[in-house]
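Following: one structure in C-alpha cells, then a few remarks.
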Amino acid sequence: MANILHISRTMDIGGAEKIVYQLATDLKEEFDSVHIASTGGLWEDELKKKGIQHHKILDVESKSPKTLATNFKILCSIVKKHKIDIIHTHHRMAAFYAKLLMYLFPKVKHVYTAHNIFDNRLKLYKYSVQGARVVSVGEGVSKHLKKDLGIDSLIIYNAIHENNDTSKVKQIVDCPETKIGFIGRLSEQKGIIYLIEAIKLLEKEKIHLFIVGDGDIKDELLQKVQDLGISEKITFLGYREDTTAIINSCDFMVMPSLFEGLPLTLIEYFQNGKTLVGTTIPGIKEVVTQEESGLLVEAGDSVNLSKEILRLSVDTELRSKLENQAKKIYKEKFSYNNFKTKYLEVYREK
C-alpha cells in the first residue's frame, strides 16, 4: 500500500481530467490515500463523495515566478504531510513540478502520462520527464516522445467505463434533419471553426450540428455562426454531463481536431457504436481506419470536411458498416479492465 498524488491542471471538462478521475476513484482501494492537486472544477464534489482528497493549487500552465513558487510550496507540503510515495502527473508543467520535488524527496516515484503531442518547449519537456515512468496514451504519442525527446514510453490506451445507457436527448431526437454531433472543449486545437465553415457549405442540406462543450473560444464561435448566417443549422448545448445520451441521439459524430494525443471522446463514440468524420492526425488515425470505421480528411480542410459529412449523411448503408466496425474495434482494443490493470502494474513497479 502507498499514498499517491495526481497533479492535473484542472478537474473540469476534458479527457485527461476524466482519466485522472477514473484512476483516482477506481484504484482507490489499492492505496492508503489518494490525493489530487489542481485548480479544481466540476469533478470536485464527486471526488469528495468518493473519499479522494483534493488540494487547490494555482494553474500549473502559468510560468509566473510567483505562481511557480506558490505551487511548489503547496506541493511540497502535500508530499511531506501525506507521505506521498507516487506522484502521477498529467500535464507537462505538472511533470516539471514533480521533477523539482524529486530533488527534495528522492524516494518518490514519478509517473507521467503523455496525453498529447507537442512541438514546442521540447527541452523543458525532456528535462521534466527525466527519471519518470512515462506512459503514452497511444502509438502516435509514443513515437513523438521517442523521435523528438529520445524517451521510451509504455503505451496504455485510454478507456472509459462500460455502460449500457440507451437514453436519448429529446431536443436532438426531435430534429427532423440528419443530426451530427461534436463533443469537446471549445478551443482552437479542436478545429471547430473549420466544422462551422463546413456547415456553411452545407446550409441547403438537411443537416444540423449540435455542439456540446465549453471553452475559451465559445464567444468567437457563436459570433462566427452569426456572421455566416447559419444560426438555424447549429445548436450550442453548452457543457453537458449526459454525453452518452447525446451520442445515442446523433446519427454520427464529427472530430475536426488539429492535433490530439488519443481523444477519449473518440473511444466513447466507438463504445456507443457511432462512427465519425475526423481528421488525418496521428491520434485519430491510430483508431479510425479510412472507409472501414470512419471517414477522414486533412485537418483544416473545410471543403472536404463538408463533402464527407454530406456523404455520411446520405449513405446510410456506409454509415451502418462503419458503425459495426467501430464497435468491434472498441471491444478489441479499449478494454477498461486492461486500462486499470496496466496502470496498477506501473504503480507497483519498483
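By convention here, the chains of the C-alpha cells are called A, B, ... in the order presented, each chain's residues are numbered starting at 1, and ligands are numbered starting at 1 in the order presented.
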### Query
So which residues touch A:Ile196 within 8 Å, counting only C-alpha atoms, skipping near sequence neighbours fewer than 3 positions away, as a ChimeraX atom specification?
/A:192-193,199-200,224-225
With C-alpha atoms retained, export the selected residues as a PDB file, in the first residue's frame.
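What landed in out-v6.pdb:
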```pdb
ATOM      1  CA  ILE A 192     -14.364  23.750 -34.615  1.00  0.00           C
ATOM      2  CA  ILE A 193     -14.018  26.854 -36.808  1.00  0.00           C
ATOM      3  CA  ILE A 199     -21.784  23.541 -42.174  1.00  0.00           C
ATOM      4  CA  LYS A 200     -21.999  26.857 -44.045  1.00  0.00           C
ATOM      5  CA  LYS A 224     -18.744  33.093 -36.402  1.00  0.00           C
ATOM      6  CA  VAL A 225     -22.062  31.238 -36.686  1.00  0.00           C
TER       7      VAL A 225
END
```
### Task
Report as a ChimeraX atom specification: the residues of stretch 209-306 of chain A with a DSSP assignment of strand (DSSP E or B), based on the backbone of this structure.
/A:209-212,234-238,252-255,276-279,290,294-297
Identify, on the basis of only C-alpha atoms, every residue whose closest approach to A:Val60 does not exceed 10 Å; exclude the query and any residue fewer than 4 positions from it along the same chain; express the result as a tab-separated table (two decimals) with C-alpha atoms, in the first residue's frame.
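Output (result.tsv):
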```
chain	number	residue	atom	x	y	z
A	7	ILE	CA	-1.28	16.57	-10.36
A	8	SER	CA	-3.63	17.85	-13.06
A	9	ARG	CA	-4.27	21.30	-14.49
A	10	THR	CA	-7.98	21.18	-13.58
A	37	ALA	CA	-3.87	18.72	-6.80
A	38	SER	CA	-5.43	21.04	-9.38
A	39	THR	CA	-7.29	24.32	-9.79
A	64	SER	CA	4.74	33.28	-13.46
A	67	THR	CA	2.74	31.03	-9.27
A	68	LEU	CA	5.69	28.65	-9.57
A	71	ASN	CA	2.54	25.89	-6.23
A	72	PHE	CA	5.89	24.38	-5.31
A	91	HIS	CA	0.48	17.83	-17.79
A	92	ARG	CA	3.93	18.93	-18.95
A	93	MET	CA	4.27	21.65	-16.35
A	94	ALA	CA	2.91	19.30	-13.69
A	95	ALA	CA	5.79	16.99	-14.63
A	96	PHE	CA	8.18	19.93	-14.17
A	97	TYR	CA	6.96	20.38	-10.60
```
Set out as a Markdown table a contact list for stretch 152-249 of chain A and stretch 134-145 of chain A with a cut-off of 8 Å, giving each residue of stretch 152-249 of chain A that qualifies its closest atom pair and distance in Å to one decimal, counting only C-alpha atoms, ordered by chain and rising residue number.
```
| residue | atom | partner | partner_atom | distance |
| --- | --- | --- | --- | --- |
| A:Asp152 | CA | A:Leu145 | CA | 6.9 |
| A:Ser153 | CA | A:Val134 | CA | 5.0 |
| A:Leu154 | CA | A:Val135 | CA | 4.8 |
| A:Ile155 | CA | A:Ser136 | CA | 4.7 |
| A:Ile156 | CA | A:Val137 | CA | 5.4 |
| A:Tyr157 | CA | A:Val137 | CA | 4.9 |
| A:Asn158 | CA | A:Val137 | CA | 5.9 |
```
Atoms to include: N, CA and C atoms. Write the selected residues as a JSON list (two decimals), in the first residue's frame.
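Ended up saving to out20.json:
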```
[["chain", "number", "residue", "atom", "x", "y", "z"],
["A", 152, "ASP", "N", 11.68, 6.58, -24.16],
["A", 152, "ASP", "CA", 10.85, 5.40, -24.34],
["A", 152, "ASP", "C", 9.64, 5.49, -23.41],
["A", 153, "SER", "N", 8.54, 4.95, -23.86],
["A", 153, "SER", "CA", 7.32, 5.00, -23.04],
["A", 153, "SER", "C", 6.52, 3.73, -23.20],
["A", 154, "LEU", "N", 5.68, 3.47, -22.22],
["A", 154, "LEU", "CA", 4.75, 2.36, -22.25],
["A", 154, "LEU", "C", 3.42, 2.87, -22.78],
["A", 155, "ILE", "N", 2.82, 2.17, -23.72],
["A", 155, "ILE", "CA", 1.52, 2.58, -24.25],
["A", 155, "ILE", "C", 0.40, 1.94, -23.42],
["A", 156, "ILE", "N", -0.45, 2.79, -22.85],
["A", 156, "ILE", "CA", -1.67, 2.33, -22.20],
["A", 156, "ILE", "C", -2.81, 3.13, -22.82],
["A", 157, "TYR", "N", -3.64, 2.47, -23.59],
["A", 157, "TYR", "CA", -4.74, 3.17, -24.25],
["A", 157, "TYR", "C", -5.75, 3.68, -23.22],
["A", 158, "ASN", "N", -6.18, 4.91, -23.42],
["A", 158, "ASN", "CA", -7.25, 5.44, -22.58],
["A", 158, "ASN", "C", -8.49, 4.57, -22.74]]
```
### Task
Using DSSP on the backbone, list every residue of stretch 163-321 of chain A that comes out as helix (DSSP H, G or I), and give them as a ChimeraX atom specification.
/A:170-173,188-190,192-201,218-228,231-233,243-249,264-271,282-285,302-314,316-321
Contacts of stretch 157-204 of chain A with stretch 248-265 of chain A up to 10 Å, shortest pair per row, only C-alpha atoms, as JSON lines:
```
{"residue": "A:Tyr157", "atom": "CA", "partner": "A:Leu262", "partner_atom": "CA", "distance": 8.0}
{"residue": "A:Asn158", "atom": "CA", "partner": "A:Leu264", "partner_atom": "CA", "distance": 6.4}
{"residue": "A:Ala159", "atom": "CA", "partner": "A:Leu264", "partner_atom": "CA", "distance": 7.1}
{"residue": "A:Ile160", "atom": "CA", "partner": "A:Leu264", "partner_atom": "CA", "distance": 7.8}
{"residue": "A:Asp165", "atom": "CA", "partner": "A:Asn248", "partner_atom": "CA", "distance": 8.7}
{"residue": "A:Thr166", "atom": "CA", "partner": "A:Asn248", "partner_atom": "CA", "distance": 6.8}
{"residue": "A:Ser167", "atom": "CA", "partner": "A:Asn248", "partner_atom": "CA", "distance": 7.0}
{"residue": "A:Lys168", "atom": "CA", "partner": "A:Ser249", "partner_atom": "CA", "distance": 5.2}
{"residue": "A:Val169", "atom": "CA", "partner": "A:Ser249", "partner_atom": "CA", "distance": 6.1}
{"residue": "A:Lys170", "atom": "CA", "partner": "A:Ser249", "partner_atom": "CA", "distance": 8.1}
{"residue": "A:Gln171", "atom": "CA", "partner": "A:Ser249", "partner_atom": "CA", "distance": 9.0}
{"residue": "A:Ile172", "atom": "CA", "partner": "A:Ser249", "partner_atom": "CA", "distance": 6.1}
{"residue": "A:Val173", "atom": "CA", "partner": "A:Ser249", "partner_atom": "CA", "distance": 5.6}
{"residue": "A:Asp174", "atom": "CA", "partner": "A:Ser249", "partner_atom": "CA", "distance": 9.4}
{"residue": "A:Cys175", "atom": "CA", "partner": "A:Cys250", "partner_atom": "CA", "distance": 9.9}
{"residue": "A:Glu177", "atom": "CA", "partner": "A:Asp251", "partner_atom": "CA", "distance": 9.8}
{"residue": "A:Thr178", "atom": "CA", "partner": "A:Asp251", "partner_atom": "CA", "distance": 6.5}
{"residue": "A:Lys179", "atom": "CA", "partner": "A:Cys250", "partner_atom": "CA", "distance": 5.0}
{"residue": "A:Ile180", "atom": "CA", "partner": "A:Phe252", "partner_atom": "CA", "distance": 5.2}
{"residue": "A:Gly181", "atom": "CA", "partner": "A:Met253", "partner_atom": "CA", "distance": 4.7}
{"residue": "A:Phe182", "atom": "CA", "partner": "A:Val254", "partner_atom": "CA", "distance": 5.5}
{"residue": "A:Ile183", "atom": "CA", "partner": "A:Thr265", "partner_atom": "CA", "distance": 7.2}
{"residue": "A:Gly184", "atom": "CA", "partner": "A:Thr265", "partner_atom": "CA", "distance": 7.5}
{"residue": "A:Ser187", "atom": "CA", "partner": "A:Ser257", "partner_atom": "CA", "distance": 9.7}
{"residue": "A:Glu188", "atom": "CA", "partner": "A:Leu258", "partner_atom": "CA", "distance": 8.0}
{"residue": "A:Gln189", "atom": "CA", "partner": "A:Leu258", "partner_atom": "CA", "distance": 5.4}
{"residue": "A:Lys190", "atom": "CA", "partner": "A:Ser257", "partner_atom": "CA", "distance": 4.0}
{"residue": "A:Gly191", "atom": "CA", "partner": "A:Ser257", "partner_atom": "CA", "distance": 4.7}
{"residue": "A:Ile192", "atom": "CA", "partner": "A:Pro256", "partner_atom": "CA", "distance": 6.4}
{"residue": "A:Ile193", "atom": "CA", "partner": "A:Pro256", "partner_atom": "CA", "distance": 8.9}
{"residue": "A:Tyr194", "atom": "CA", "partner": "A:Pro256", "partner_atom": "CA", "distance": 7.2}
{"residue": "A:Leu195", "atom": "CA", "partner": "A:Pro256", "partner_atom": "CA", "distance": 6.5}
```
### Query
From the list A:Lys18, A:Lys350, A:Ala198, A:His54, which residue is nearest A:Asp85 when using only C-alpha atoms?
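Distance minimum relative to A:Asp85 lands on A:Lys350.
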### Task
Using only C-alpha atoms, determine which residues lie at most 9 Å from A:Val111, disregarding the query and same-chain residues fewer than 4 positions distant; provide the list as a list in words.
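Answer for this query is Ile86, Ile87, His88, Thr89, His90, Ala95, Val129, Ala132, Arg133, Val134, Val135, Val346 and Tyr347 of chain A.
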Those same residues, written as a compact mmCIF listing (two decimals), in the first residue's frame with all heavy atoms?
```txt
# COMPACT_ATOMS: atom_id res chain seq x y z
N ILE A 86 4.00 8.10 -4.55
CA ILE A 86 3.92 8.17 -6.02
C ILE A 86 3.28 9.49 -6.42
O ILE A 86 2.23 9.86 -5.89
CB ILE A 86 3.07 7.01 -6.59
CG1 ILE A 86 3.65 5.65 -6.20
CG2 ILE A 86 2.96 7.13 -8.11
CD1 ILE A 86 2.73 4.48 -6.52
N ILE A 87 3.91 10.20 -7.35
CA ILE A 87 3.31 11.38 -7.96
C ILE A 87 3.01 11.03 -9.41
O ILE A 87 3.89 10.64 -10.17
CB ILE A 87 4.24 12.60 -7.91
CG1 ILE A 87 4.53 13.00 -6.46
CG2 ILE A 87 3.62 13.78 -8.66
CD1 ILE A 87 5.55 14.13 -6.34
N HIS A 88 1.75 11.15 -9.78
CA HIS A 88 1.34 10.88 -11.17
C HIS A 88 0.92 12.20 -11.80
O HIS A 88 -0.05 12.83 -11.36
CB HIS A 88 0.18 9.89 -11.19
CG HIS A 88 -0.14 9.37 -12.56
ND1 HIS A 88 -0.92 8.25 -12.78
CD2 HIS A 88 0.22 9.81 -13.80
CE1 HIS A 88 -1.03 8.03 -14.08
NE2 HIS A 88 -0.36 8.98 -14.72
N THR A 89 1.67 12.63 -12.82
CA THR A 89 1.38 13.91 -13.46
C THR A 89 0.73 13.70 -14.82
O THR A 89 0.99 12.71 -15.51
CB THR A 89 2.65 14.76 -13.61
OG1 THR A 89 3.63 14.03 -14.37
CG2 THR A 89 3.23 15.10 -12.24
N HIS A 90 -0.11 14.67 -15.20
CA HIS A 90 -0.90 14.56 -16.43
C HIS A 90 -0.81 15.84 -17.26
O HIS A 90 -1.71 16.14 -18.03
CB HIS A 90 -2.37 14.28 -16.06
CG HIS A 90 -2.55 13.05 -15.22
ND1 HIS A 90 -2.87 11.83 -15.76
CD2 HIS A 90 -2.42 12.85 -13.88
CE1 HIS A 90 -2.95 10.93 -14.78
NE2 HIS A 90 -2.70 11.53 -13.64
N ALA A 95 4.59 17.84 -14.66
CA ALA A 95 5.79 16.99 -14.63
C ALA A 95 7.02 17.80 -14.20
O ALA A 95 7.89 17.27 -13.50
CB ALA A 95 6.02 16.38 -16.01
N VAL A 129 10.48 15.20 -17.66
CA VAL A 129 10.08 13.79 -17.56
C VAL A 129 11.26 12.85 -17.36
O VAL A 129 11.07 11.63 -17.26
CB VAL A 129 9.25 13.35 -18.79
CG1 VAL A 129 7.98 14.18 -18.89
CG2 VAL A 129 10.06 13.45 -20.07
N ALA A 132 11.21 9.81 -14.85
CA ALA A 132 9.82 9.39 -14.65
C ALA A 132 9.53 8.10 -15.40
O ALA A 132 10.21 7.75 -16.37
CB ALA A 132 8.87 10.48 -15.14
N ARG A 133 8.52 7.37 -14.95
CA ARG A 133 7.99 6.25 -15.72
C ARG A 133 6.97 6.86 -16.66
O ARG A 133 5.91 7.34 -16.23
CB ARG A 133 7.32 5.23 -14.79
CG ARG A 133 6.74 4.01 -15.52
CD ARG A 133 7.83 3.23 -16.22
NE ARG A 133 7.42 1.87 -16.57
CZ ARG A 133 7.32 1.43 -17.81
NH1 ARG A 133 7.55 2.25 -18.83
NH2 ARG A 133 6.99 0.17 -18.04
N VAL A 134 7.28 6.89 -17.95
CA VAL A 134 6.45 7.61 -18.90
C VAL A 134 5.45 6.67 -19.58
O VAL A 134 5.82 5.60 -20.08
CB VAL A 134 7.32 8.32 -19.96
CG1 VAL A 134 6.44 9.08 -20.96
CG2 VAL A 134 8.30 9.27 -19.29
N VAL A 135 4.20 7.09 -19.58
CA VAL A 135 3.13 6.35 -20.23
C VAL A 135 2.57 7.20 -21.36
O VAL A 135 2.32 8.40 -21.18
CB VAL A 135 2.00 6.02 -19.23
CG1 VAL A 135 0.82 5.35 -19.94
CG2 VAL A 135 2.51 5.14 -18.10
N VAL A 346 2.08 -0.42 -13.35
CA VAL A 346 3.04 0.68 -13.36
C VAL A 346 3.26 1.21 -11.94
O VAL A 346 4.40 1.44 -11.52
CB VAL A 346 2.55 1.82 -14.28
CG1 VAL A 346 3.39 3.08 -14.09
CG2 VAL A 346 2.60 1.37 -15.73
N TYR A 347 2.18 1.39 -11.20
CA TYR A 347 2.29 1.89 -9.83
C TYR A 347 3.09 0.94 -8.95
O TYR A 347 3.81 1.37 -8.04
CB TYR A 347 0.91 2.09 -9.22
CG TYR A 347 0.08 3.21 -9.85
CD1 TYR A 347 -1.31 3.11 -9.90
CD2 TYR A 347 0.68 4.34 -10.40
CE1 TYR A 347 -2.09 4.13 -10.45
CE2 TYR A 347 -0.08 5.35 -10.97
CZ TYR A 347 -1.47 5.23 -10.99
OH TYR A 347 -2.22 6.24 -11.56
```
### Query
Interatomic distance between atom CA of A:Val297 and atom CA of A:Thr280?
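Rounded to one decimal, the two atoms are 5.7 Å apart.
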### Separation of atom CA of A:His6 from atom CA of A:Lys342, in Å and rounded to one decimal
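Distance reported for this atom pair: 16.8 Å.
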### Message
Give me the residues near A:Lys73 as a PyMOL selection string, where near means some atom within 12 Å (using only C-alpha atoms) and where sequence neighbours in that chain fewer than 4 positions away do not count.
### Response
chain A and resi 57-58+66-69+77-80+97+100-101+104
### d(atom CA of A:Leu23, atom CA of A:Gly150) in Å
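Value for the atom CA of A:Leu23-atom CA of A:Gly150 distance: 27.2 Å.
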### Task
Give me the residues within 6 Å of A:Phe31 as a PyMOL selection string, counting only C-alpha atoms and dropping any in the same chain fewer than 2 places off.
chain A and resi 1-3+28-29+33
Given the selection you just returned, output its residues as a file containing C-alpha atoms, formatted as a compact mmCIF listing (two decimals), in the first residue's frame.
```
# COMPACT_ATOMS: atom_id res chain seq x y z
CA MET A 1 0.00 0.00 0.00
CA ALA A 2 1.14 3.54 -0.67
CA ASN A 3 -0.02 7.15 -0.93
CA LYS A 28 -8.68 3.96 -4.53
CA GLU A 29 -8.68 0.66 -2.61
CA SER A 33 -4.71 7.52 0.49
```
### Query
Hey, what's within 12 Å of A:Val314 if we count only C-alpha atoms and toss same-chain stuff fewer than 2 positions away? As an MDAnalysis selection string, please?
chainID A and resid 177:179 205:207 251:252 307:312 316:320
With stretch 333-336 of chain A as the partner and 10 Å as the cut-off, tabulate the residues of stretch 261-313 of chain A that qualify, each row holding the nearest pair of atoms and their distance in Å to one decimal, using only C-alpha atoms, sorted by chain and rising number, as a tab-separated table.
```
residue	atom	partner	partner_atom	distance
A:Ile267	CA	A:Phe334	CA	7.5
A:Glu268	CA	A:Phe334	CA	9.9
A:Phe270	CA	A:Phe334	CA	9.6
A:Gln271	CA	A:Phe334	CA	8.7
A:Val287	CA	A:Lys333	CA	9.1
```
So that I have them on file, write out the residues from the current selection with C-alpha atoms, as a PDB file, in the first residue's frame.
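Output file out04.pdb is given in full below:
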```
ATOM      1  CA  ILE A 267     -13.304   5.936 -27.722  1.00  0.00           C
ATOM      2  CA  GLU A 268     -16.657   6.917 -26.234  1.00  0.00           C
ATOM      3  CA  PHE A 270     -16.945   3.779 -30.697  1.00  0.00           C
ATOM      4  CA  GLN A 271     -18.135   2.315 -27.395  1.00  0.00           C
ATOM      5  CA  VAL A 287      -8.080   4.418 -34.028  1.00  0.00           C
TER       6      VAL A 287
END
```
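You can rank A:Tyr239, A:Tyr127, A:Phe339, A:Tyr21 by their closest distance to A:Glu44 using only C-alpha atoms, and at the top of that list sits A:Tyr21.
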